[in-house]
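**Student:** Sharing data.txt (compact mmCIF, C-alpha atoms (C1' of nucleotides)) below.
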```
# COMPACT_ATOMS: atom_id res chain seq x y z
CA MET A 1 -11.95 32.98 17.19
CA ALA A 2 -9.06 33.01 14.86
CA LYS A 3 -6.73 32.35 17.74
CA ILE A 4 -8.87 29.66 19.26
CA ARG A 5 -9.56 28.03 15.94
CA GLN A 6 -5.86 27.85 15.36
CA ARG A 7 -5.10 26.24 18.69
CA LYS A 8 -7.89 23.68 18.83
CA ASN A 9 -7.53 22.81 15.22
CA SER A 10 -3.83 22.18 15.46
CA THR A 11 -4.11 20.09 18.62
CA ARG A 12 -6.63 17.78 17.03
CA LYS A 13 -4.69 17.77 13.81
CA GLU A 14 -1.54 16.83 15.68
CA THR A 15 -3.30 13.89 17.29
CA ILE A 16 -4.40 12.69 13.89
CA ILE A 17 -0.94 13.04 12.42
CA GLU A 18 0.72 11.29 15.35
CA THR A 19 -1.74 8.43 15.13
CA ALA A 20 -1.23 8.26 11.40
CA ALA A 21 2.53 8.11 11.90
CA ARG A 22 2.12 5.06 14.08
CA LEU A 23 -0.18 3.31 11.63
CA PHE A 24 1.96 4.21 8.63
CA ARG A 25 4.92 2.76 10.44
CA GLU A 26 3.13 -0.45 11.36
CA ARG A 27 1.30 -1.08 8.09
CA GLY A 28 2.75 1.31 5.54
CA PHE A 29 1.07 4.32 3.98
CA SER A 30 -0.83 2.48 1.27
CA ALA A 31 -2.04 -0.28 3.52
CA THR A 32 -3.48 2.19 6.03
CA SER A 33 -6.99 3.34 5.20
CA MET A 34 -8.63 6.49 6.42
CA ARG A 35 -11.14 4.28 8.20
CA ASP A 36 -8.32 2.51 10.04
CA LEU A 37 -6.94 5.87 11.05
CA ALA A 38 -10.35 7.17 12.09
CA GLU A 39 -10.93 4.14 14.27
CA GLN A 40 -7.65 4.69 16.10
CA VAL A 41 -8.44 8.35 16.59
CA GLY A 42 -11.90 7.39 17.82
CA VAL A 43 -13.92 9.15 15.18
CA GLU A 44 -15.66 8.48 11.86
CA ALA A 45 -13.54 8.60 8.73
CA ALA A 46 -15.36 11.58 7.30
CA SER A 47 -14.73 13.59 10.45
CA LEU A 48 -11.01 13.50 9.85
CA TYR A 49 -11.59 15.90 6.99
CA ASN A 50 -12.54 18.62 9.43
CA HIS A 51 -8.88 18.72 10.38
CA ILE A 52 -6.89 17.57 7.39
CA SER A 53 -7.56 18.02 3.73
CA SER A 54 -6.41 14.65 2.41
CA LYS A 55 -4.55 11.48 3.25
CA ALA A 56 -1.66 12.73 1.15
CA GLU A 57 -1.38 15.86 3.27
CA ILE A 58 -0.64 13.79 6.36
CA LEU A 59 2.32 12.16 4.67
CA GLN A 60 3.51 15.50 3.38
CA GLU A 61 3.48 17.06 6.82
CA LEU A 62 5.37 14.14 8.28
CA CYS A 63 8.01 14.09 5.56
CA PHE A 64 8.73 17.79 5.48
CA LYS A 65 8.77 18.16 9.23
CA VAL A 66 11.47 15.50 9.45
CA ALA A 67 13.39 16.72 6.42
CA ASN A 68 13.55 20.24 7.84
CA LYS A 69 14.73 18.98 11.18
CA PHE A 70 17.68 17.12 9.68
CA MET A 71 18.50 19.91 7.29
CA SER A 72 18.65 22.50 10.09
CA HIS A 73 20.85 20.25 12.14
CA ILE A 74 23.43 19.69 9.47
CA ASP A 75 23.43 23.44 8.83
CA LYS A 76 24.39 24.01 12.43
CA VAL A 77 27.01 21.25 12.57
CA ASP A 78 28.64 22.39 9.37
CA THR A 79 29.40 25.85 10.73
CA GLU A 80 31.10 24.51 13.86
CA ASP A 81 34.85 24.54 13.99
CA ILE A 82 35.59 20.87 14.62
CA THR A 83 37.27 18.06 12.70
CA ALA A 84 35.45 16.31 9.88
CA ILE A 85 35.18 13.10 11.84
CA LYS A 86 33.62 15.00 14.73
CA LYS A 87 31.10 16.50 12.35
CA ILE A 88 30.19 13.07 11.05
CA GLU A 89 29.88 11.84 14.60
CA ALA A 90 27.57 14.73 15.46
CA VAL A 91 25.36 14.04 12.46
CA LEU A 92 25.28 10.35 13.28
CA ARG A 93 24.42 10.93 16.91
CA PHE A 94 21.61 13.24 15.90
CA HIS A 95 20.20 10.59 13.58
CA ILE A 96 20.39 7.96 16.27
CA GLN A 97 18.73 10.17 18.85
CA GLN A 98 15.97 11.13 16.47
CA MET A 99 15.34 7.49 15.62
CA VAL A 100 15.28 6.60 19.30
CA HIS A 101 13.02 9.42 20.46
CA HIS A 102 10.92 10.28 17.42
CA TYR A 103 10.83 6.83 15.97
CA GLU A 104 7.49 6.87 14.21
CA GLU A 105 7.74 10.08 12.24
CA VAL A 106 11.40 9.65 11.33
CA TYR A 107 10.91 6.08 10.24
CA VAL A 108 7.79 6.83 8.25
CA SER A 109 9.29 9.78 6.44
CA ASP A 110 12.29 7.65 5.57
CA ARG A 111 10.32 4.68 4.27
CA GLU A 112 7.16 6.14 2.82
CA TRP A 113 8.25 9.33 1.04
CA LYS A 114 7.98 7.47 -2.27
CA HIS A 115 4.21 7.71 -1.96
CA LEU A 116 4.26 11.48 -2.12
CA THR A 117 2.90 12.98 -5.32
CA ASP A 118 4.56 15.34 -7.55
CA PRO A 119 5.35 18.78 -6.40
CA TYR A 120 6.19 17.26 -3.00
CA LEU A 121 7.85 14.15 -4.36
CA SER A 122 10.40 16.07 -6.41
CA ASN A 123 10.98 18.45 -3.54
CA ILE A 124 11.74 15.71 -1.03
CA GLN A 125 13.90 13.82 -3.51
CA THR A 126 16.00 16.91 -4.00
CA GLN A 127 16.26 17.53 -0.28
CA ARG A 128 17.38 13.98 0.32
CA ARG A 129 19.96 14.15 -2.43
CA VAL A 130 21.33 17.46 -1.17
CA TYR A 131 21.46 16.15 2.38
CA ARG A 132 23.44 13.07 1.41
CA GLN A 133 25.79 15.14 -0.68
CA ARG A 134 26.51 17.41 2.24
CA ILE A 135 27.47 14.47 4.40
CA ALA A 136 29.56 13.08 1.55
CA SER A 137 31.39 16.41 1.30
CA ILE A 138 32.27 16.34 4.97
CA ILE A 139 33.59 12.80 4.55
CA GLU A 140 35.65 13.76 1.53
CA ASP A 141 37.06 16.64 3.50
CA GLY A 142 37.98 14.18 6.24
CA ILE A 143 39.68 11.90 3.74
CA ARG A 144 41.76 14.80 2.42
CA LYS A 145 42.82 15.66 5.95
CA ASN A 146 43.68 12.01 6.62
CA GLU A 147 41.14 11.78 9.43
CA ILE A 148 39.08 9.28 7.49
CA LYS A 149 40.00 6.12 5.57
CA LYS A 150 40.29 6.35 1.79
CA ILE A 151 36.83 5.10 0.92
CA ASP A 152 34.06 6.01 -1.46
CA ALA A 153 32.18 8.79 0.32
CA PRO A 154 28.69 8.06 -1.08
CA THR A 155 29.07 4.46 0.03
CA ALA A 156 29.97 5.59 3.51
CA VAL A 157 26.89 7.82 3.61
CA LEU A 158 24.71 4.98 2.44
CA ILE A 159 26.00 2.73 5.20
CA MET A 160 25.62 5.35 7.90
CA LEU A 161 22.09 6.37 7.08
CA HIS A 162 20.75 2.91 6.50
CA ALA A 163 22.43 1.50 9.57
CA VAL A 164 20.57 4.11 11.58
CA SER A 165 17.23 3.14 10.10
CA GLY A 166 17.88 -0.30 11.55
CA ILE A 167 17.00 1.15 14.93
CA GLU A 168 13.53 0.04 13.96
CA SER A 169 14.56 -3.51 14.90
CA TRP A 170 15.81 -2.25 18.22
CA HIS A 171 12.43 -0.67 18.94
CA ARG A 172 10.66 -3.90 18.17
CA SER A 173 13.00 -6.14 20.15
CA LYS A 174 11.98 -7.53 23.54
CA GLU A 175 15.08 -7.02 25.57
CA LYS A 176 16.24 -3.58 24.63
CA ILE A 177 19.57 -2.21 25.71
CA SER A 178 19.22 1.46 26.67
CA GLY A 179 19.15 4.16 24.04
CA GLU A 180 22.45 5.55 25.29
CA ILE A 181 24.24 2.22 25.04
CA LEU A 182 22.76 1.66 21.62
CA GLU A 183 24.12 5.03 20.57
CA GLU A 184 27.61 4.29 21.89
CA ASN A 185 27.68 0.91 20.20
CA MET A 186 26.66 2.33 16.88
CA ILE A 187 29.21 5.12 17.16
CA THR A 188 31.93 2.63 18.06
CA ILE A 189 31.26 0.49 15.02
CA LEU A 190 30.52 3.16 12.46
CA ILE A 191 32.99 5.86 13.45
CA GLY A 192 35.52 3.09 14.14
CA GLY A 193 34.92 1.83 10.61
CA LEU A 194 35.46 5.22 9.05
CA GLN A 195 38.30 6.57 11.12
CA ASN A 196 41.91 6.34 10.06
CA LYS A 197 44.04 4.87 12.80
CA MET B 1 1.42 -32.62 -21.67
CA ALA B 2 2.36 -32.77 -18.05
CA LYS B 3 5.92 -31.97 -18.95
CA ILE B 4 5.08 -29.10 -21.19
CA ARG B 5 2.51 -27.70 -18.86
CA GLN B 6 5.08 -27.75 -16.11
CA ARG B 7 7.71 -26.01 -18.16
CA LYS B 8 5.54 -23.39 -19.82
CA ASN B 9 3.61 -22.76 -16.68
CA SER B 10 6.64 -22.17 -14.55
CA THR B 11 8.30 -19.98 -17.15
CA ARG B 12 5.26 -17.77 -17.33
CA LYS B 13 4.87 -17.82 -13.58
CA GLU B 14 8.47 -16.82 -13.17
CA THR B 15 7.97 -13.88 -15.50
CA ILE B 16 5.02 -12.76 -13.45
CA ILE B 17 6.90 -13.07 -10.19
CA GLU B 18 9.95 -11.26 -11.54
CA THR B 19 7.81 -8.44 -12.84
CA ALA B 20 5.96 -8.32 -9.56
CA ALA B 21 9.26 -8.08 -7.70
CA ARG B 22 10.18 -5.02 -9.71
CA LEU B 23 6.83 -3.35 -9.14
CA PHE B 24 6.76 -4.23 -5.45
CA ARG B 25 10.20 -2.69 -5.14
CA GLU B 26 9.23 0.47 -6.97
CA ARG B 27 5.81 1.05 -5.45
CA GLY B 28 5.49 -1.35 -2.52
CA PHE B 29 3.27 -4.41 -2.26
CA SER B 30 0.08 -2.62 -1.25
CA ALA B 31 0.42 0.14 -3.80
CA THR B 32 0.82 -2.35 -6.66
CA SER B 33 -2.47 -3.55 -8.10
CA MET B 34 -3.00 -6.72 -10.04
CA ARG B 35 -3.96 -4.53 -12.99
CA ASP B 36 -0.63 -2.71 -12.76
CA LEU B 37 1.13 -6.03 -12.72
CA ALA B 38 -0.93 -7.39 -15.60
CA GLU B 39 -0.14 -4.35 -17.70
CA GLN B 40 3.59 -4.81 -17.20
CA VAL B 41 3.33 -8.48 -18.05
CA GLY B 42 1.30 -7.55 -21.12
CA VAL B 43 -1.89 -9.35 -20.22
CA GLU B 44 -5.27 -8.75 -18.63
CA ALA B 45 -5.48 -8.89 -14.85
CA ALA B 46 -7.71 -11.93 -14.82
CA SER B 47 -5.23 -13.87 -16.94
CA LEU B 48 -2.65 -13.74 -14.18
CA TYR B 49 -4.78 -16.19 -12.26
CA ASN B 50 -4.02 -18.89 -14.80
CA HIS B 51 -0.52 -18.92 -13.31
CA ILE B 52 -0.77 -17.78 -9.73
CA SER B 53 -3.50 -18.28 -7.19
CA SER B 54 -3.42 -14.89 -5.47
CA LYS B 55 -1.49 -11.68 -5.02
CA ALA B 56 -0.43 -12.89 -1.61
CA GLU B 57 1.13 -16.00 -3.12
CA ILE B 58 3.53 -13.88 -5.15
CA LEU B 59 4.85 -12.21 -2.04
CA GLN B 60 5.10 -15.54 -0.27
CA GLU B 61 7.18 -17.08 -3.05
CA LEU B 62 9.50 -14.10 -3.08
CA CYS B 63 9.98 -14.00 0.67
CA PHE B 64 10.58 -17.69 1.18
CA LYS B 65 12.87 -18.03 -1.79
CA VAL B 66 15.11 -15.32 -0.37
CA ALA B 67 14.86 -16.52 3.20
CA ASN B 68 15.90 -20.03 2.19
CA LYS B 69 18.82 -18.72 0.20
CA PHE B 70 20.25 -16.81 3.16
CA MET B 71 19.56 -19.60 5.57
CA SER B 72 21.40 -22.17 3.43
CA HIS B 73 24.33 -19.85 3.07
CA ILE B 74 24.81 -19.25 6.77
CA ASP B 75 24.50 -23.01 7.31
CA LYS B 76 27.44 -23.52 5.00
CA VAL B 77 29.55 -20.70 6.43
CA ASP B 78 28.99 -21.84 9.97
CA THR B 79 30.49 -25.28 9.34
CA GLU B 80 33.67 -23.86 7.84
CA ASP B 81 36.78 -23.83 9.97
CA ILE B 82 37.66 -20.13 9.89
CA THR B 83 37.80 -17.29 12.41
CA ALA B 84 34.63 -15.61 13.57
CA ILE B 85 35.51 -12.38 11.82
CA LYS B 86 36.02 -14.31 8.58
CA LYS B 87 32.61 -15.87 9.01
CA ILE B 88 31.04 -12.47 9.48
CA GLU B 89 32.88 -11.22 6.45
CA ALA B 90 31.59 -14.16 4.40
CA VAL B 91 28.02 -13.53 5.47
CA LEU B 92 28.36 -9.85 4.75
CA ARG B 93 29.85 -10.42 1.32
CA PHE B 94 27.03 -12.79 0.48
CA HIS B 95 24.47 -10.19 1.48
CA ILE B 96 26.17 -7.54 -0.59
CA GLN B 97 26.42 -9.77 -3.63
CA GLN B 98 22.80 -10.81 -3.36
CA MET B 99 21.72 -7.19 -3.08
CA VAL B 100 23.84 -6.27 -6.08
CA HIS B 101 22.78 -9.13 -8.34
CA HIS B 102 19.32 -10.06 -7.14
CA TYR B 103 18.31 -6.62 -6.04
CA GLU B 104 14.57 -6.74 -6.61
CA GLU B 105 13.68 -9.96 -4.87
CA VAL B 106 16.04 -9.45 -1.95
CA TYR B 107 14.93 -5.91 -1.39
CA VAL B 108 11.25 -6.74 -1.65
CA SER B 109 11.44 -9.67 0.69
CA ASP B 110 13.28 -7.48 3.19
CA ARG B 111 10.85 -4.57 3.02
CA GLU B 112 7.48 -6.11 2.32
CA TRP B 113 7.37 -9.29 4.41
CA LYS B 114 5.12 -7.46 6.87
CA HIS B 115 2.30 -7.77 4.38
CA LEU B 116 2.32 -11.54 4.56
CA THR B 117 -0.64 -13.10 6.32
CA ASP B 118 -0.59 -15.42 9.13
CA PRO B 119 0.80 -18.84 8.70
CA TYR B 120 3.46 -17.29 6.46
CA LEU B 121 3.93 -14.15 8.52
CA SER B 122 4.79 -16.03 11.70
CA ASN B 123 7.02 -18.36 9.76
CA ILE B 124 9.07 -15.60 8.20
CA GLN B 125 9.29 -13.69 11.46
CA THR B 126 10.74 -16.74 13.13
CA GLN B 127 13.18 -17.32 10.30
CA ARG B 128 14.36 -13.72 10.47
CA ARG B 129 14.80 -13.88 14.21
CA VAL B 130 16.73 -17.13 14.05
CA TYR B 131 18.91 -15.81 11.27
CA ARG B 132 19.86 -12.68 13.19
CA GLN B 133 20.55 -14.73 16.30
CA ARG B 134 22.91 -16.96 14.40
CA ILE B 135 24.91 -13.97 13.21
CA ALA B 136 24.86 -12.56 16.73
CA SER B 137 26.26 -15.85 18.05
CA ILE B 138 29.14 -15.73 15.63
CA ILE B 139 29.87 -12.17 16.71
CA GLU B 140 29.75 -13.12 20.39
CA ASP B 141 32.12 -15.94 19.67
CA GLY B 142 34.44 -13.44 17.99
CA ILE B 143 34.26 -11.15 21.00
CA ARG B 144 35.22 -14.01 23.32
CA LYS B 145 38.21 -14.81 21.14
CA ASN B 146 39.19 -11.14 21.06
CA GLU B 147 38.83 -10.95 17.30
CA ILE B 148 35.95 -8.49 17.61
CA LYS B 149 35.48 -5.34 19.68
CA LYS B 150 33.45 -5.60 22.88
CA ILE B 151 30.14 -4.44 21.50
CA ASP B 152 26.52 -5.42 21.77
CA ALA B 153 26.12 -8.23 19.25
CA PRO B 154 22.48 -7.59 18.28
CA THR B 155 23.36 -3.97 17.59
CA ALA B 156 26.20 -5.05 15.34
CA VAL B 157 23.83 -7.36 13.45
CA LEU B 158 21.32 -4.58 13.05
CA ILE B 159 23.95 -2.27 11.60
CA MET B 160 25.31 -4.88 9.23
CA LEU B 161 22.02 -5.99 7.80
CA HIS B 162 20.51 -2.57 7.43
CA ALA B 163 23.64 -1.09 5.94
CA VAL B 164 23.42 -3.73 3.25
CA SER B 165 19.85 -2.85 2.43
CA GLY B 166 21.14 0.63 1.63
CA ILE B 167 22.50 -0.82 -1.58
CA GLU B 168 19.12 0.20 -2.89
CA SER B 169 20.43 3.79 -3.06
CA TRP B 170 23.44 2.58 -4.98
CA HIS B 171 21.20 0.92 -7.56
CA ARG B 172 19.25 4.11 -8.03
CA SER B 173 22.26 6.41 -8.24
CA LYS B 174 23.41 7.78 -11.58
CA GLU B 175 27.14 7.38 -11.33
CA LYS B 176 27.58 3.97 -9.87
CA ILE B 177 30.92 2.67 -8.73
CA SER B 178 31.28 -1.00 -9.68
CA GLY B 179 29.71 -3.72 -7.59
CA GLU B 180 33.13 -5.03 -6.62
CA ILE B 181 34.36 -1.66 -5.39
CA LEU B 182 31.13 -1.16 -3.53
CA GLU B 183 31.66 -4.50 -1.83
CA GLU B 184 35.23 -3.67 -0.82
CA ASN B 185 34.20 -0.30 0.55
CA MET B 186 31.43 -1.77 2.61
CA ILE B 187 33.70 -4.48 3.94
CA THR B 188 36.36 -1.93 4.81
CA ILE B 189 33.97 0.17 6.84
CA LEU B 190 31.91 -2.54 8.48
CA ILE B 191 34.54 -5.16 9.17
CA GLY B 192 36.93 -2.34 10.09
CA GLY B 193 34.33 -1.13 12.56
CA LEU B 194 33.88 -4.52 14.18
CA GLN B 195 37.43 -5.80 14.22
CA ASN B 196 39.68 -5.50 17.21
CA LYS B 197 42.97 -3.91 16.28
C1' DT C 1 -8.09 -36.03 -37.05
C1' DA C 2 -10.01 -35.81 -32.61
C1' DG C 3 -9.13 -34.60 -28.00
C1' DT C 4 -7.16 -32.12 -24.26
C1' DA C 5 -4.54 -28.87 -21.66
C1' DT C 6 -2.97 -24.03 -21.82
C1' DA C 7 -3.46 -19.41 -21.57
C1' DA C 8 -5.54 -15.65 -23.14
C1' DC C 9 -9.88 -12.83 -23.24
C1' DT C 10 -14.48 -10.24 -21.55
C1' DA C 11 -17.77 -9.39 -18.02
C1' DA C 12 -18.86 -9.10 -13.74
C1' DC C 13 -18.79 -9.57 -8.57
C1' DA C 14 -18.49 -7.75 -3.86
C1' DT C 15 -15.53 -4.87 -1.07
C1' DT C 16 -12.81 -1.32 0.04
C1' DT C 17 -11.01 3.02 -1.01
C1' DG C 18 -10.66 8.38 -0.47
C1' DT C 19 -13.64 11.89 -0.30
C1' DT C 20 -17.85 15.10 -0.35
C1' DA C 21 -22.37 17.02 0.99
C1' DC C 22 -25.11 17.98 4.47
C1' DC C 23 -26.72 18.28 9.15
C1' DA C 24 -26.47 18.77 14.40
C1' DG C 25 -24.54 19.73 18.84
C1' DT C 26 -21.22 22.34 21.46
C1' DT C 27 -18.30 26.23 22.49
C1' DA C 28 -16.70 30.93 22.61
C1' DG C 29 -16.71 35.82 21.58
C1' DT C 30 -19.83 40.00 21.02
C1' DA D 1 -28.75 36.01 23.78
C1' DC D 2 -26.96 35.69 19.09
C1' DT D 3 -23.79 34.39 15.91
C1' DA D 4 -20.10 32.00 14.03
C1' DA D 5 -16.69 28.61 14.23
C1' DC D 6 -15.47 23.86 15.48
C1' DT D 7 -16.12 19.20 15.57
C1' DG D 8 -18.64 15.45 15.21
C1' DG D 9 -22.08 12.17 12.68
C1' DT D 10 -24.79 9.90 8.52
C1' DA D 11 -25.26 8.82 3.81
C1' DA D 12 -23.49 8.48 -0.25
C1' DC D 13 -20.31 8.82 -4.35
C1' DA D 14 -17.25 7.15 -7.98
C1' DA D 15 -13.28 4.76 -8.58
C1' DA D 16 -10.25 1.06 -7.68
C1' DT D 17 -9.41 -3.35 -5.67
C1' DG D 18 -8.72 -8.72 -5.77
C1' DT D 19 -10.92 -12.29 -7.71
C1' DT D 20 -14.28 -15.63 -10.20
C1' DA D 21 -17.02 -17.41 -14.11
C1' DG D 22 -17.35 -18.50 -18.52
C1' DT D 23 -15.60 -18.50 -23.25
C1' DT D 24 -12.36 -19.06 -26.98
C1' DA D 25 -8.15 -19.71 -29.72
C1' DT D 26 -3.95 -22.25 -29.91
C1' DA D 27 -0.94 -26.13 -29.82
C1' DC D 28 0.59 -30.45 -28.60
C1' DT D 29 -0.56 -35.63 -28.01
C1' DA D 30 -2.81 -39.82 -29.14
```
With the file now loaded, output its structure as C-alpha cells.
**Tutor:**
Amino acid sequence: MAKIRQRKNSTRKETIIETAARLFRERGFSATSMRDLAEQVGVEAASLYNHISSKAEILQELCFKVANKFMSHIDKVDTEDITAIKKIEAVLRFHIQQMVHHYEEVYVSDREWKHLTDPYLSNIQTQRRVYRQRIASIIEDGIRKNEIKKIDAPTAVLIMLHAVSGIESWHRSKEKISGEILEENMITILIGGLQNK
Amino acid sequence: MAKIRQRKNSTRKETIIETAARLFRERGFSATSMRDLAEQVGVEAASLYNHISSKAEILQELCFKVANKFMSHIDKVDTEDITAIKKIEAVLRFHIQQMVHHYEEVYVSDREWKHLTDPYLSNIQTQRRVYRQRIASIIEDGIRKNEIKKIDAPTAVLIMLHAVSGIESWHRSKEKISGEILEENMITILIGGLQNK
DNA sequence: TAGTATAACTAACATTTGTTACCAGTTAGT
DNA sequence: ACTAACTGGTAACAAATGTTAGTTATACTA
C-alpha cells in the first residue's frame, strides 16, 4: 500500500505539475486559477488537493527541481580540467538544451519564482545569486588567463542567461530552425562575443 | 476649465500609470490589485476610476507608449546612411538606454503584454513581430555585405533583445557599475559576437 | 456669489479566488 | 471477503477581485 500509494500518487501528481507548468508558462502563475488547471487535467478543482497541498506547492516543486538541476550541472563542469571559456561554453550549452527540451518548467521557474513565498523565496533568491556568482567567477578566471575579453563579469552573466531565456520566442515561432542549429548559432554569437581573439 | 481639467487630469493619471508600472514590474500585472495600486497612490481604489477607465487600460497605455517609442526609433535609424552593423549598434544602444532610464515601463511592456485583451493583444503582437523582422532584415543585409557573421538572423535578434531585458538584474543588484559602462560592456559582447572579423 | 467640474470618499455589487469538509466508488493487499 | 488507501465528486467557505453608484468637499470660472 505504501509502495503503491507512492507510485500512483506521484504519477498523478506529475501530470498535474506538468500541466501546471504549461499553464503557468502561457498565462503566468497568478493568472492561472486552480479551476483552469483542473479543467486541463480533466478533473474538478477540489480533486487536485488529493495530490497536491496548495497552488504554491506546485510552483515550489517546479522552481527547486530546475534550480537543483542547474546547480548540479555547474558543480560537475567546475571540477573538469578544461579552459574557462570551455566551461562557460558547457554551461551555456546546458542552458540552451534545457530550454529546448524542458521548455515549460525551465521557463516557468525562471519567470515566476518571484511569486514564491518566504522560506522558499529567500532560498531560491540565494541559489540564483550563488549560481550567477559561480559563472562570474569562471569568467573572471578566463579574463585573468587572457582567454576572455576584459569585460565586467556580472554583465556577461546577465547577457548569457537572459539571451538563453529568449529561446521562448524560438519555441513560439512558426518556422523553427532545428534545436541543434539554434544552439550553434547562440554559441557562435555569445562565445564569439566573450572570447579574446 | 477644460484646460485645467486636462492638465490636472493627465498629471494625476500619469502618476497612477507610473506607480502602476512600478507595481506591475515588482509583482506582475495579475498579482497587482487595484487596491494595491490605490494604496501606493495614496487614495481609495474606487477613486482611481476618476482618472482611468479600467485596469486593462493602464497596461494598454504602457505597452503602446513603449512600442511606439521603439518603432519610431528604428524608423529613424533605418533611413540613416551607415553600415548595417552600425545600425544594429544604434538599435542596441537605444534599447540599453531605454532599459536603464525608463526601466519600469519598458520592462513591464516587455513582460506583461500577454495580459492584454484582444484588439490590443493582436495589435501588439503584430507590432512586436514586425519590429523583430526589421532588425532581422538589417542583420541579413549585414551578412550579405560581409559585415556580420553568417548566422541565423532571427536567432541573433532573439539574443540581442533578451539580453537587453536582463538589465533588470542590473537594476536590482547592489553594486551597480554605471549605466555607461554597462552599455559599453553589452556592446562589446554583443556586437563583438555578431561582427565579422 | 453662484455654478460647475474635479477628485476624493463610502458602500456595495457580482465574480472569482484558493481551499476545506464530506461523501462515494474503485482498487489492492490481507 | 474485509479493510484501507486512492481518487474522484458536490457544496460551500471566506477572502479578494474589478468595478459602479452615489455623495461630498474643494477650487476655479463666470
**Student:** Extract, using all atoms listed in the file, all DNA, RNA and protein residues at most 9 Å from Val100 (chain B), discarding same-chain residues fewer than 6 positions from it, and format them as an MDAnalysis selection string.
**Tutor:** chainID B and resid 167:168 170:171 179
**Student:** Distance cut-off 10 Å, counting all atoms listed in the file - which residues of chain C neighbour chain A? Return them as a list in words.
**Tutor:**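 Written out as asked, the residues are DT16, DT17, DG18, DT19, DT20, DA28 and DG29 of chain C.
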**Student:** Counting all atoms listed in the file, which of C:DA7, C:DA24, C:DA12, C:DA2 gets nearest to DT24 (chain D)?
**Tutor:**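 Smallest separation from DT24 (chain D) among the options: C:DA7.
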**Student:** One number please: CA of Ser109 (chain B) to CA of Lys13 (chain B), in Å, one decimal.
**Tutor:**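 Pair CA of Ser109 (chain B) / CA of Lys13 (chain B) returns 17.7 Å.
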**Student:** In Å, rounded to a single decimal, give me how far CA of His101 (chain B) is from CA of Met160 (chain A).
**Tutor:**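 Separation between CA of Met160 (chain A) and CA of His101 (chain B): 21.9 Å.
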**Student:** Record the distance separating CA of Val157 (chain A) and CA of Trp113 (chain B), expressed in Å with one decimal.
**Tutor:** 26.0 Å
**Student:** For chain C versus region 1-11 of chain D, which residues have an atom no more than 9 Å away, and what is each residue's nearest atom pair and distance in Å rounded to one decimal, using only C-alpha atoms (C1' of nucleotides), chain-then-number order, as CSV?
**Tutor:**
```
residue,atom,partner,partner_atom,distance
C:DC23,C1',D:DG9,C1',8.4
C:DA24,C1',D:DG9,C1',8.1
C:DG25,C1',D:DG8,C1',8.1
C:DT26,C1',D:DT7,C1',8.4
C:DT27,C1',D:DC6,C1',7.9
C:DA28,C1',D:DA5,C1',8.7
C:DT30,C1',D:DC2,C1',8.6
```
**Student:** Could you please take those selected residues and save C-alpha atoms (C1' of nucleotides) as a PDB file, in the frame of the given file?
**Tutor:**
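selection_14.pdb was written with the following content:
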```
ATOM      1  C1'  DC C  23     -26.720  18.280   9.150  1.00  0.00           C
ATOM      2  C1'  DA C  24     -26.470  18.770  14.400  1.00  0.00           C
ATOM      3  C1'  DG C  25     -24.540  19.730  18.840  1.00  0.00           C
ATOM      4  C1'  DT C  26     -21.220  22.340  21.460  1.00  0.00           C
ATOM      5  C1'  DT C  27     -18.300  26.230  22.490  1.00  0.00           C
ATOM      6  C1'  DA C  28     -16.700  30.930  22.610  1.00  0.00           C
ATOM      7  C1'  DT C  30     -19.830  40.000  21.020  1.00  0.00           C
TER       8       DT C  30
END
```
**Student:** Tell me, as a short mmCIF file (atom, residue, chain, number, x, y, z; two decimals) with C-alpha atoms, keeping the file's coordinate frame, which residues lie within 12 Å of Ala38 (chain A), counting all atoms listed in the file; anything in the same chain fewer than 6 positions away does not count.
**Tutor:**
```cif
data_model
loop_
_atom_site.label_atom_id
_atom_site.label_comp_id
_atom_site.auth_asym_id
_atom_site.auth_seq_id
_atom_site.Cartn_x
_atom_site.Cartn_y
_atom_site.Cartn_z
CA THR A 15 -3.30 13.89 17.29
CA ILE A 16 -4.40 12.69 13.89
CA ILE A 17 -0.94 13.04 12.42
CA THR A 19 -1.74 8.43 15.13
CA ALA A 20 -1.23 8.26 11.40
CA LEU A 23 -0.18 3.31 11.63
CA THR A 32 -3.48 2.19 6.03
CA GLU A 44 -15.66 8.48 11.86
CA ALA A 45 -13.54 8.60 8.73
CA ALA A 46 -15.36 11.58 7.30
CA SER A 47 -14.73 13.59 10.45
CA LEU A 48 -11.01 13.50 9.85
CA TYR A 49 -11.59 15.90 6.99
CA ASN A 50 -12.54 18.62 9.43
CA HIS A 51 -8.88 18.72 10.38
CA ILE A 52 -6.89 17.57 7.39
CA LYS A 55 -4.55 11.48 3.25
#
```
**Student:** Step by step: start from the point (17.0, -1.6, 19.7) in the file's coordinates, keep every protein, DNA or RNA residue that has an atom no farther than 12 Å from it, count all atoms listed in the file, and write the set as a ChimeraX atom specification.
**Tutor:** /A:96-97,99-101,103,163-183,185-186 /B:152-159
**Student:** Rank nothing, just name the residue among A:Thr11, A:Gln98, A:Thr79, A:Ser30 nearest to chain B, using all atoms listed in the file.
**Tutor:** A:Ser30
**Student:** Taking only C-alpha atoms (C1' of nucleotides) into account, find every residue of chain D that has an atom no more than 10 Å from chain B, and write it out as a count of residues only.
**Tutor:** 7
**Student:** Please determine, counting all atoms listed in the file, which residue among B:Asn68, B:Ser122, B:Gln127, B:Asn196 has the shortest atom-to-atom distance to chain A.
**Tutor:**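 Smallest distance to chain A is found for B:Asn196.
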**Student:** Measuring between only C-alpha atoms, which one of A:Ala136, A:Val77, A:Val91, A:Ile187 shows the shortest distance to chain B?
**Tutor:**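 Ranked by minimum distance to chain B, first place goes to A:Ile187.
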**Student:** Within 9 Å of Lys149 (chain B), counting only C-alpha atoms (C1' of nucleotides), which residues qualify if same-chain residues fewer than 3 places away don't, as a list in words?
**Tutor:**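 Once the nearby chain positions are removed, what remains is Thr188 and Ile189 of chain A; Gly142, Ile143, Asn146, Gly193, Leu194, Gln195, Asn196 and Lys197 of chain B.
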**Student:** Using only C-alpha atoms for the distances, tell me which of B:Gln40, B:Gln125, B:Thr83, B:Ser137 is nearest to chain A.
**Tutor:**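 Counting only C-alpha atoms, the residue closest to chain A is B:Gln125.
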**Student:** What's the 10 Å shell around Met71 (chain B), counting all atoms listed in the file, without same-chain residues fewer than 6 positions away, as a list of chain:residue names?
**Tutor:**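 Result of the neighbour search: B:Gln127, B:Arg128, B:Val130, B:Tyr131, B:Arg134.
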